[in-house]
Every structure is written in C-alpha cells, then in structure tokens.
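Chemist: What follows is coords27.pdb, PDB, N, CA and C atoms.
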ATOM      1  N   MET A   1     -21.746  -3.582   4.866
ATOM      2  CA  MET A   1     -20.571  -2.774   5.140
ATOM      3  C   MET A   1     -19.549  -2.967   4.010
ATOM      4  N   PRO A   2     -18.932  -1.874   3.563
ATOM      5  CA  PRO A   2     -17.921  -2.001   2.506
ATOM      6  C   PRO A   2     -16.720  -2.813   2.985
ATOM      7  N   LYS A   3     -16.102  -3.480   2.060
ATOM      8  CA  LYS A   3     -14.868  -4.222   2.319
ATOM      9  C   LYS A   3     -13.878  -3.864   1.223
ATOM     10  N   ALA A   4     -12.607  -3.871   1.583
ATOM     11  CA  ALA A   4     -11.546  -3.654   0.607
ATOM     12  C   ALA A   4     -10.468  -4.700   0.824
ATOM     13  N   ARG A   5      -9.734  -4.963  -0.217
ATOM     14  CA  ARG A   5      -8.540  -5.801  -0.132
ATOM     15  C   ARG A   5      -7.435  -4.983  -0.773
ATOM     16  N   ALA A   6      -6.281  -4.932  -0.125
ATOM     17  CA  ALA A   6      -5.195  -4.111  -0.632
ATOM     18  C   ALA A   6      -3.854  -4.765  -0.351
ATOM     19  N   ARG A   7      -2.864  -4.250  -1.053
ATOM     20  CA  ARG A   7      -1.481  -4.606  -0.758
ATOM     21  C   ARG A   7      -0.700  -3.304  -0.672
ATOM     22  N   HIS A   8       0.406  -3.354   0.061
ATOM     23  CA  HIS A   8       1.170  -2.120   0.232
ATOM     24  C   HIS A   8       2.652  -2.422   0.406
ATOM     25  N   ILE A   9       3.428  -1.367   0.249
ATOM     26  CA  ILE A   9       4.860  -1.393   0.521
ATOM     27  C   ILE A   9       5.108  -0.251   1.495
ATOM     28  N   LEU A  10       5.698  -0.550   2.625
ATOM     29  CA  LEU A  10       6.000   0.444   3.660
ATOM     30  C   LEU A  10       7.505   0.680   3.711
ATOM     31  N   VAL A  11       7.893   1.957   3.561
ATOM     32  CA  VAL A  11       9.303   2.337   3.648
ATOM     33  C   VAL A  11       9.446   3.567   4.541
ATOM     34  N   ALA A  12      10.688   3.906   4.890
ATOM     35  CA  ALA A  12      10.929   4.978   5.848
ATOM     36  C   ALA A  12      10.866   6.379   5.258
ATOM     37  N   THR A  13      11.176   6.526   3.957
ATOM     38  CA  THR A  13      11.252   7.878   3.400
ATOM     39  C   THR A  13      10.378   8.047   2.163
ATOM     40  N   GLU A  14       9.972   9.270   1.946
ATOM     41  CA  GLU A  14       9.165   9.599   0.773
ATOM     42  C   GLU A  14       9.965   9.372  -0.513
ATOM     43  N   ASP A  15      11.257   9.662  -0.485
ATOM     44  CA  ASP A  15      12.093   9.475  -1.680
ATOM     45  C   ASP A  15      12.152   8.009  -2.103
ATOM     46  N   VAL A  16      12.348   7.118  -1.148
ATOM     47  CA  VAL A  16      12.381   5.683  -1.470
ATOM     48  C   VAL A  16      11.020   5.255  -2.004
ATOM     49  N   CYS A  17       9.969   5.732  -1.380
ATOM     50  CA  CYS A  17       8.611   5.389  -1.801
ATOM     51  C   CYS A  17       8.376   5.824  -3.250
ATOM     52  N   GLN A  18       8.752   7.048  -3.572
ATOM     53  CA  GLN A  18       8.565   7.561  -4.929
ATOM     54  C   GLN A  18       9.402   6.770  -5.934
ATOM     55  N   SER A  19      10.609   6.419  -5.548
ATOM     56  CA  SER A  19      11.476   5.628  -6.422
ATOM     57  C   SER A  19      10.860   4.265  -6.732
ATOM     58  N   LEU A  20      10.293   3.617  -5.719
ATOM     59  CA  LEU A  20       9.637   2.318  -5.928
ATOM     60  C   LEU A  20       8.409   2.471  -6.815
ATOM     61  N   LYS A  21       7.665   3.553  -6.636
ATOM     62  CA  LYS A  21       6.485   3.791  -7.479
ATOM     63  C   LYS A  21       6.898   3.916  -8.941
ATOM     64  N   GLU A  22       7.986   4.632  -9.183
ATOM     65  CA  GLU A  22       8.479   4.779 -10.554
ATOM     66  C   GLU A  22       8.903   3.430 -11.136
ATOM     67  N   LYS A  23       9.516   2.580 -10.322
ATOM     68  CA  LYS A  23       9.894   1.242 -10.789
ATOM     69  C   LYS A  23       8.656   0.433 -11.168
ATOM     70  N   ILE A  24       7.609   0.514 -10.349
ATOM     71  CA  ILE A  24       6.363  -0.214 -10.647
ATOM     72  C   ILE A  24       5.738   0.319 -11.927
ATOM     73  N   GLU A  25       5.699   1.638 -12.066
ATOM     74  CA  GLU A  25       5.147   2.238 -13.287
ATOM     75  C   GLU A  25       5.968   1.844 -14.509
ATOM     76  N   GLY A  26       7.246   1.534 -14.308
ATOM     77  CA  GLY A  26       8.115   1.093 -15.397
ATOM     78  C   GLY A  26       8.051  -0.399 -15.665
ATOM     79  N   GLY A  27       7.213  -1.116 -14.917
ATOM     80  CA  GLY A  27       7.014  -2.535 -15.177
ATOM     81  C   GLY A  27       7.496  -3.485 -14.101
ATOM     82  N   ALA A  28       8.112  -2.966 -13.047
ATOM     83  CA  ALA A  28       8.570  -3.848 -11.962
ATOM     84  C   ALA A  28       7.367  -4.477 -11.254
ATOM     85  N   ASP A  29       7.570  -5.658 -10.694
ATOM     86  CA  ASP A  29       6.506  -6.396 -10.020
ATOM     87  C   ASP A  29       6.303  -5.871  -8.594
ATOM     88  N   PHE A  30       5.079  -5.445  -8.297
ATOM     89  CA  PHE A  30       4.742  -4.890  -6.978
ATOM     90  C   PHE A  30       5.104  -5.865  -5.867
ATOM     91  N   ALA A  31       4.672  -7.118  -6.010
ATOM     92  CA  ALA A  31       4.886  -8.117  -4.951
ATOM     93  C   ALA A  31       6.368  -8.361  -4.702
ATOM     94  N   GLU A  32       7.165  -8.404  -5.759
ATOM     95  CA  GLU A  32       8.601  -8.629  -5.592
ATOM     96  C   GLU A  32       9.260  -7.458  -4.874
ATOM     97  N   LEU A  33       8.855  -6.228  -5.225
ATOM     98  CA  LEU A  33       9.400  -5.056  -4.541
ATOM     99  C   LEU A  33       8.970  -5.033  -3.073
ATOM    100  N   ALA A  34       7.739  -5.455  -2.800
ATOM    101  CA  ALA A  34       7.267  -5.522  -1.409
ATOM    102  C   ALA A  34       8.118  -6.499  -0.610
ATOM    103  N   LYS A  35       8.395  -7.653  -1.187
ATOM    104  CA  LYS A  35       9.215  -8.657  -0.489
ATOM    105  C   LYS A  35      10.608  -8.117  -0.195
ATOM    106  N   GLU A  36      11.152  -7.336  -1.117
ATOM    107  CA  GLU A  36      12.516  -6.839  -0.973
ATOM    108  C   GLU A  36      12.627  -5.604  -0.075
ATOM    109  N   TYR A  37      11.642  -4.688  -0.170
ATOM    110  CA  TYR A  37      11.797  -3.386   0.479
ATOM    111  C   TYR A  37      10.864  -3.093   1.649
ATOM    112  N   SER A  38       9.700  -3.732   1.698
ATOM    113  CA  SER A  38       8.715  -3.332   2.702
ATOM    114  C   SER A  38       9.184  -3.632   4.114
ATOM    115  N   GLN A  39       8.956  -2.667   5.008
ATOM    116  CA  GLN A  39       9.305  -2.823   6.418
ATOM    117  C   GLN A  39       8.147  -3.415   7.223
ATOM    118  N   CYS A  40       7.079  -3.769   6.550
ATOM    119  CA  CYS A  40       5.915  -4.385   7.198
ATOM    120  C   CYS A  40       6.013  -5.902   7.051
ATOM    121  N   PRO A  41       5.599  -6.657   8.053
ATOM    122  CA  PRO A  41       5.603  -8.122   7.918
ATOM    123  C   PRO A  41       4.821  -8.623   6.699
ATOM    124  N   SER A  42       3.842  -7.845   6.230
ATOM    125  CA  SER A  42       3.070  -8.247   5.044
ATOM    126  C   SER A  42       3.946  -8.314   3.798
ATOM    127  N   GLY A  43       5.120  -7.703   3.839
ATOM    128  CA  GLY A  43       6.026  -7.750   2.695
ATOM    129  C   GLY A  43       6.351  -9.171   2.278
ATOM    130  N   ARG A  44       6.420 -10.073   3.233
ATOM    131  CA  ARG A  44       6.704 -11.489   2.914
ATOM    132  C   ARG A  44       5.612 -12.092   2.042
ATOM    133  N   ARG A  45       4.419 -11.515   2.107
ATOM    134  CA  ARG A  45       3.286 -11.986   1.294
ATOM    135  C   ARG A  45       3.073 -11.065   0.094
ATOM    136  N   GLY A  46       4.103 -10.376  -0.331
ATOM    137  CA  GLY A  46       3.976  -9.459  -1.459
ATOM    138  C   GLY A  46       3.212  -8.204  -1.104
ATOM    139  N   GLY A  47       3.117  -7.920   0.188
ATOM    140  CA  GLY A  47       2.418  -6.726   0.649
ATOM    141  C   GLY A  47       0.935  -6.918   0.889
ATOM    142  N   ASP A  48       0.425  -8.138   0.675
ATOM    143  CA  ASP A  48      -1.013  -8.395   0.800
ATOM    144  C   ASP A  48      -1.486  -8.221   2.239
ATOM    145  N   LEU A  49      -2.490  -7.365   2.419
ATOM    146  CA  LEU A  49      -3.065  -7.102   3.739
ATOM    147  C   LEU A  49      -4.365  -7.859   3.968
ATOM    148  N   GLY A  50      -4.830  -8.571   2.972
ATOM    149  CA  GLY A  50      -6.097  -9.275   3.099
ATOM    150  C   GLY A  50      -7.275  -8.321   2.988
ATOM    151  N   SER A  51      -8.414  -8.770   3.475
ATOM    152  CA  SER A  51      -9.663  -8.020   3.391
ATOM    153  C   SER A  51      -9.934  -7.320   4.722
ATOM    154  N   PHE A  52     -10.470  -6.093   4.654
ATOM    155  CA  PHE A  52     -10.746  -5.326   5.862
ATOM    156  C   PHE A  52     -11.865  -4.328   5.603
ATOM    157  N   GLY A  53     -12.444  -3.843   6.673
ATOM    158  CA  GLY A  53     -13.519  -2.861   6.584
ATOM    159  C   GLY A  53     -13.043  -1.479   6.996
ATOM    160  N   PRO A  54     -13.900  -0.471   6.796
ATOM    161  CA  PRO A  54     -13.541   0.892   7.201
ATOM    162  C   PRO A  54     -13.213   0.950   8.697
ATOM    163  N   GLY A  55     -12.187   1.723   9.037
ATOM    164  CA  GLY A  55     -11.808   1.895  10.427
ATOM    165  C   GLY A  55     -10.824   0.878  10.959
ATOM    166  N   GLN A  56     -10.521  -0.142  10.175
ATOM    167  CA  GLN A  56      -9.575  -1.159  10.637
ATOM    168  C   GLN A  56      -8.120  -0.754  10.384
ATOM    169  N   MET A  57      -7.919   0.202   9.508
ATOM    170  CA  MET A  57      -6.576   0.712   9.196
ATOM    171  C   MET A  57      -6.507   2.168   9.659
ATOM    172  N   VAL A  58      -5.306   2.738   9.662
ATOM    173  CA  VAL A  58      -5.173   4.148  10.047
ATOM    174  C   VAL A  58      -5.934   5.015   9.035
ATOM    175  N   PRO A  59      -6.405   6.194   9.459
ATOM    176  CA  PRO A  59      -7.264   7.028   8.605
ATOM    177  C   PRO A  59      -6.691   7.342   7.221
ATOM    178  N   GLU A  60      -5.403   7.633   7.137
ATOM    179  CA  GLU A  60      -4.801   7.970   5.838
ATOM    180  C   GLU A  60      -4.896   6.784   4.874
ATOM    181  N   PHE A  61      -4.724   5.595   5.409
ATOM    182  CA  PHE A  61      -4.798   4.373   4.617
ATOM    183  C   PHE A  61      -6.242   4.107   4.197
ATOM    184  N   ASP A  62      -7.164   4.266   5.145
ATOM    185  CA  ASP A  62      -8.597   4.080   4.865
ATOM    186  C   ASP A  62      -9.075   4.980   3.730
ATOM    187  N   ARG A  63      -8.638   6.251   3.756
ATOM    188  CA  ARG A  63      -9.078   7.193   2.714
ATOM    189  C   ARG A  63      -8.729   6.676   1.327
ATOM    190  N   VAL A  64      -7.533   6.134   1.184
ATOM    191  CA  VAL A  64      -7.124   5.593  -0.114
ATOM    192  C   VAL A  64      -7.942   4.343  -0.438
ATOM    193  N   CYS A  65      -8.028   3.431   0.504
ATOM    194  CA  CYS A  65      -8.651   2.131   0.240
ATOM    195  C   CYS A  65     -10.140   2.213  -0.068
ATOM    196  N   PHE A  66     -10.821   3.223   0.476
ATOM    197  CA  PHE A  66     -12.264   3.290   0.275
ATOM    198  C   PHE A  66     -12.717   4.435  -0.629
ATOM    199  N   ASN A  67     -11.756   5.196  -1.191
ATOM    200  CA  ASN A  67     -12.140   6.318  -2.050
ATOM    201  C   ASN A  67     -11.408   6.389  -3.378
ATOM    202  N   GLU A  68     -10.258   5.758  -3.481
ATOM    203  CA  GLU A  68      -9.459   5.874  -4.703
ATOM    204  C   GLU A  68      -9.679   4.680  -5.631
ATOM    205  N   ALA A  69      -9.179   4.805  -6.852
ATOM    206  CA  ALA A  69      -9.388   3.784  -7.883
ATOM    207  C   ALA A  69      -8.776   2.440  -7.501
ATOM    208  N   VAL A  70      -9.455   1.377  -7.901
ATOM    209  CA  VAL A  70      -8.989   0.004  -7.703
ATOM    210  C   VAL A  70      -8.001  -0.333  -8.821
ATOM    211  N   GLY A  71      -6.936  -1.062  -8.472
ATOM    212  CA  GLY A  71      -5.984  -1.523  -9.472
ATOM    213  C   GLY A  71      -4.929  -0.500  -9.863
ATOM    214  N   VAL A  72      -4.858   0.596  -9.112
ATOM    215  CA  VAL A  72      -3.883   1.659  -9.363
ATOM    216  C   VAL A  72      -2.995   1.779  -8.129
ATOM    217  N   VAL A  73      -1.707   2.017  -8.340
ATOM    218  CA  VAL A  73      -0.799   2.206  -7.211
ATOM    219  C   VAL A  73      -0.860   3.665  -6.774
ATOM    220  N   HIS A  74      -1.254   3.884  -5.530
ATOM    221  CA  HIS A  74      -1.395   5.228  -4.957
ATOM    222  C   HIS A  74      -0.256   5.490  -3.983
ATOM    223  N   GLY A  75       0.136   6.735  -3.908
ATOM    224  CA  GLY A  75       1.150   7.101  -2.934
ATOM    225  C   GLY A  75       2.211   7.972  -3.544
ATOM    226  N   PRO A  76       3.133   8.373  -2.714
ATOM    227  CA  PRO A  76       3.327   8.022  -1.311
ATOM    228  C   PRO A  76       2.180   8.498  -0.406
ATOM    229  N   VAL A  77       1.790   7.616   0.508
ATOM    230  CA  VAL A  77       0.789   7.918   1.527
ATOM    231  C   VAL A  77       1.520   7.916   2.869
ATOM    232  N   LYS A  78       1.547   9.072   3.531
ATOM    233  CA  LYS A  78       2.260   9.185   4.803
ATOM    234  C   LYS A  78       1.335   8.807   5.954
ATOM    235  N   THR A  79       1.828   7.931   6.835
ATOM    236  CA  THR A  79       1.121   7.582   8.067
ATOM    237  C   THR A  79       2.131   7.634   9.213
ATOM    238  N   GLN A  80       1.681   7.329  10.408
ATOM    239  CA  GLN A  80       2.571   7.296  11.568
ATOM    240  C   GLN A  80       3.650   6.229  11.425
ATOM    241  N   PHE A  81       3.469   5.274  10.504
ATOM    242  CA  PHE A  81       4.407   4.164  10.331
ATOM    243  C   PHE A  81       5.495   4.462   9.307
ATOM    244  N   GLY A  82       5.247   5.431   8.425
ATOM    245  CA  GLY A  82       6.188   5.744   7.360
ATOM    246  C   GLY A  82       5.436   6.109   6.099
ATOM    247  N   TYR A  83       6.012   5.733   4.966
ATOM    248  CA  TYR A  83       5.422   6.051   3.661
ATOM    249  C   TYR A  83       5.016   4.764   2.962
ATOM    250  N   HIS A  84       3.816   4.781   2.410
ATOM    251  CA  HIS A  84       3.253   3.587   1.781
ATOM    252  C   HIS A  84       2.971   3.821   0.306
ATOM    253  N   LEU A  85       3.137   2.754  -0.462
ATOM    254  CA  LEU A  85       2.499   2.641  -1.756
ATOM    255  C   LEU A  85       1.337   1.695  -1.517
ATOM    256  N   VAL A  86       0.168   2.050  -1.989
ATOM    257  CA  VAL A  86      -1.039   1.273  -1.719
ATOM    258  C   VAL A  86      -1.710   0.937  -3.041
ATOM    259  N   GLU A  87      -2.025  -0.339  -3.219
ATOM    260  CA  GLU A  87      -2.829  -0.765  -4.369
ATOM    261  C   GLU A  87      -4.068  -1.470  -3.829
ATOM    262  N   VAL A  88      -5.227  -0.892  -4.098
ATOM    263  CA  VAL A  88      -6.489  -1.530  -3.740
ATOM    264  C   VAL A  88      -6.747  -2.585  -4.813
ATOM    265  N   THR A  89      -6.825  -3.840  -4.395
ATOM    266  CA  THR A  89      -6.999  -4.914  -5.370
ATOM    267  C   THR A  89      -8.467  -5.314  -5.538
ATOM    268  N   GLU A  90      -9.292  -5.048  -4.530
ATOM    269  CA  GLU A  90     -10.732  -5.343  -4.599
ATOM    270  C   GLU A  90     -11.466  -4.390  -3.665
ATOM    271  N   ARG A  91     -12.711  -4.081  -4.018
ATOM    272  CA  ARG A  91     -13.572  -3.315  -3.101
ATOM    273  C   ARG A  91     -15.008  -3.681  -3.406
ATOM    274  N   SER A  92     -15.791  -3.871  -2.348
ATOM    275  CA  SER A  92     -17.213  -4.184  -2.549
ATOM    276  C   SER A  92     -18.057  -3.355  -1.595
TER     277      SER A  92
END
How does this structure look as structure tokens?
Modeler:
Amino acid sequence: MPKARARHILVATEDVCQSLKEKIEGGADFAELAKEYSQCPSGRRGGDLGSFGPGQMVPEFDRVCFNEAVGVVHGPVKTQFGYHLVEVTERS
C-alpha cells in the first residue's frame, strides 16, 4: 500500500494561504510559518502530519499527497477545515 509523509499549514482564508505560499517561494521557512500561522495542532511540529496511507485524510488532501510532486508546496487546497498549503515530503 502506498504511504506518504506530508506537512501542511491550515488557515481560514485563501488570501492568507496564497500570501504564505508567496513567502515560502521567497525563501521563508515552511516549518516556522506553520508554527506561527497554522490553525492545526500539527503547526507546533512545523506542520508535520507524519506518515499515512490513502483514505486517512480528506479526499482533497489525499489527491495532492498521492498524485502531486514531492518536495513542492501545493495549494491553496480547500477542504472542509479551511485552506491548506501542502508539501509532500516522502512517498513510497
């Protein structure tokens, strides 16, 4: 079964999400921004969600984690929780 490891930043609005993505693309540290801005408890760990398999996350999140490039920040990804920036750090 495939496995992925990812980190994310969860915020309330698409505008904030896009602004954070631009900061990361400009050289800001993903983990530091997650600690400061993420509304998910994983923010304390730099957004790290650990390892998971297909179906363990909401469908929108799964699509990114199991289909998009590793090591790239994707998003904004809208889910029932808000807007995410998602970086797949590993996939097997």
Chemist: Decode the PyMOL selection byres ((chain A and resi 33) around 8) for the given file into explicit residues and return them as a PyMOL selection string.
Modeler: chain A and resi 8-10+20+28-32+34-38+43+46-47
Chemist: What do you get, as a list in words, if you spell out every residue that the PyMOL selection byres ((chain A and resi 66-77) around 7) selects here?
Modeler: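 With the shown file as input, the PyMOL selection byres ((chain A and resi 66-77) around 7) matches Ala4, Glu14, Cys17, Gln18, Glu60, Phe61, Asp62, Arg63, Val64, Cys65, Lys78, Thr79, Gly82, Tyr83, His84, Leu85, Val86, Glu87, Val88, Thr89, Glu90 and Arg91 of chain A.
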Chemist: Interatomic distance between atom N of Leu49 of chain A and atom N of Val11 of chain A?
Modeler: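 Interatomic distance, atom N of Leu49 of chain A to atom N of Val11 of chain A: 14.0 Å.
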Chemist: Mind checking DSSP for chain A and telling me the alpha helix (DSSP H) residues as a ChimeraX atom specification?
Modeler: /A:14-25,30-37,59-67
Chemist: Any idea what the distance is between atom C of Ser51 of chain A and atom CA of Phe81 of chain A?
Modeler: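 Computing the Euclidean distance for atom C of Ser51 of chain A and atom CA of Phe81 of chain A yields 19.2 Å.
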Chemist: Distance atom C of Pro54 of chain A-atom N of Glu25 of chain A, one decimal place?
Modeler: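 Between atom C of Pro54 of chain A and atom N of Glu25 of chain A the gap is 28.1 Å.
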Chemist: For the strand (DSSP E or B) assignment from backbone DSSP, which residues of chain A qualify? Please present them as a PyMOL selection string.
Modeler: chain A and resi 4-11+48-52+73-79+82-91
